[in-house]
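One structure is given here, and the rest of the page talks about it.
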Amino acid sequence: MVSFRKLEHKLCLVNNEKYVNLLCKTLNAEANGLLCYGYVDEEAGLTFESLAPTLLVDGDYSVSGDAGVVLKIRAETVADTEIIPIENKALTKCFEDRIKLVEQHYYQNTDTLECRAITELDPFRHPFFPDDLQALLTKDGIKPEAIWVRTKKHLGCHQGTFIIRGKLLDEPFHDYGIHAGDTITFGALNSPDRGPFCAIIL
């Protein structure tokens with residue numbers, strides 16, 4: 001799947017038979033895909049909200065109007081599905097109200113949005129949960145351990161290191177003195193020696 005940045009805030013064609021059948025089983029619509037709107041849910045990750053059935057043939061597509069039923073398709077469930085972002089002003093206008101509802105509901109947390117906008121953090125992001133970063137948990141005398149952290153607030157940038165506050169999602173295997181659910185502060189940088197590097201140093 002392509003980067004979430006190519007799918008977020010975009011109309012997309014999602015060609016997944018399972019979801020097409022689920023949406024169209026009560027409709028008399030010939031379809032092999034769905035027109036969706038891509039957005040990020042802080043908890044559920046990259047998501048595609050269905051707007052209408054579509055028929056995609058040889059690169060051209062037609063839309064069968066509003067389905068009247070909404071599916072929220074999580075990106076992790078369609079990882080092997082072809083997803084095509086499209087630019088179509090007429091369709092954007094047609095589904096303007098639906099799109100506004102999504103934007104108003106899922107884009108209110110400015111702290112999270114600021115963290116999500118930092119492209120320097122992209123090497124550490126989960127492919128389906130863009131607000132979750134993989135970091136290395138380090139402490140003297142304990143073997144480093146890779147864990148996932150959900151970004152909550154960008155605290156600043158010091159000498160090229162982004163300082164982030166987040167929520168620890170994993171329970172560490174070793175005794176670091178922190179646990180899943182704890183709020184922690186960590187740094188992310190692009191080291192000349194190691195390349196992109198994200199770490200929690202205790």
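We label chains A, B, ... in the order they appear in the structure tokens, count residues from 1 in each chain, and number ligands from 1 in the order shown.
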
Sorted by chain and rising residue number, which residues of segment 99-138 of chain A lie within 12 Å of segment 49-68 of chain A, and what are their closest atom pairs and distances in Å to one decimal, counting only C-alpha atoms, as a Markdown table?
```
| residue | atom | partner | partner_atom | distance |
| --- | --- | --- | --- | --- |
| A:Ile99 | CA | A:Glu49 | CA | 9.2 |
| A:Leu101 | CA | A:Glu49 | CA | 11.1 |
| A:Val102 | CA | A:Glu49 | CA | 8.6 |
| A:Glu103 | CA | A:Glu49 | CA | 11.5 |
```

Dump of N, CA and C atoms for the selected residues, as a compact mmCIF listing (two decimals), in the first residue's frame:
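Final output, result_9.txt:
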```txt
# COMPACT_ATOMS: atom_id res chain seq x y z
N ILE A 99 -17.98 14.39 3.31
CA ILE A 99 -16.56 14.65 3.54
C ILE A 99 -16.37 15.63 4.70
N LEU A 101 -18.31 16.04 7.26
CA LEU A 101 -18.58 15.35 8.52
C LEU A 101 -17.36 14.56 8.99
N VAL A 102 -16.70 13.90 8.06
CA VAL A 102 -15.48 13.16 8.41
C VAL A 102 -14.41 14.10 8.93
N GLU A 103 -14.19 15.19 8.20
CA GLU A 103 -13.14 16.14 8.58
C GLU A 103 -13.43 16.76 9.94
```

Please identify every residue of segment 98-138 of chain A that has at least one atom no farther than 12 Å from an atom of segment 76-83 of chain A, counting only C-alpha atoms, and for each give the shortest atom pair and the distance in Å to one decimal, arranged by chain then increasing number, as a tab-separated table.
```
residue	atom	partner	partner_atom	distance
A:His126	CA	A:Glu76	CA	10.5
A:Pro127	CA	A:Glu76	CA	8.5
A:Phe128	CA	A:Glu76	CA	5.8
A:Phe129	CA	A:Glu76	CA	8.7
A:Pro130	CA	A:Glu76	CA	11.7
```

Exercise for review: List the neighbours of segment 42-45 of chain A out to 12 Å using only C-alpha atoms; skip same-chain residues closer than 4 positions along the sequence, and give me the result as an NGL selection string.
Suggested key: :A and (4 or 8 or 38 or 72-77 or 105-113 or 115-116 or 125-132 or 150-152 or 167 or 169)

**Study point:** Shortest interatomic distance to Glu87 of chain A - which of A:Leu46, A:Val20, A:Ile163, A:Leu13, counting only C-alpha atoms
**Key:** A:Leu13

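Atom CA of Glu145 of chain A lies 18.3 Å from atom CA of Ile164 of chain A.
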
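Across the structure, atom CA of Phe162 of chain A and atom CA of Leu121 of chain A are spaced 8.5 Å apart.
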
Check your understanding: When DSSP works through the backbone of this structure, what residues of segment 5-202 of chain A end up as helix (DSSP H, G or I), shown as an MDAnalysis selection string?
Key -> chainID A and resid 5:6 17:24 75:78 89:94 96:106 110:117 119:124

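Taking only C-alpha atoms into account, Val2 of chain A lies nearest to A:Ile84 out of the set A:Cys94, A:Ile84, A:Ala146, A:Cys198.
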
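Atom CA of Ala135 of chain A is positioned 9.9 Å from atom CA of Leu168 of chain A.
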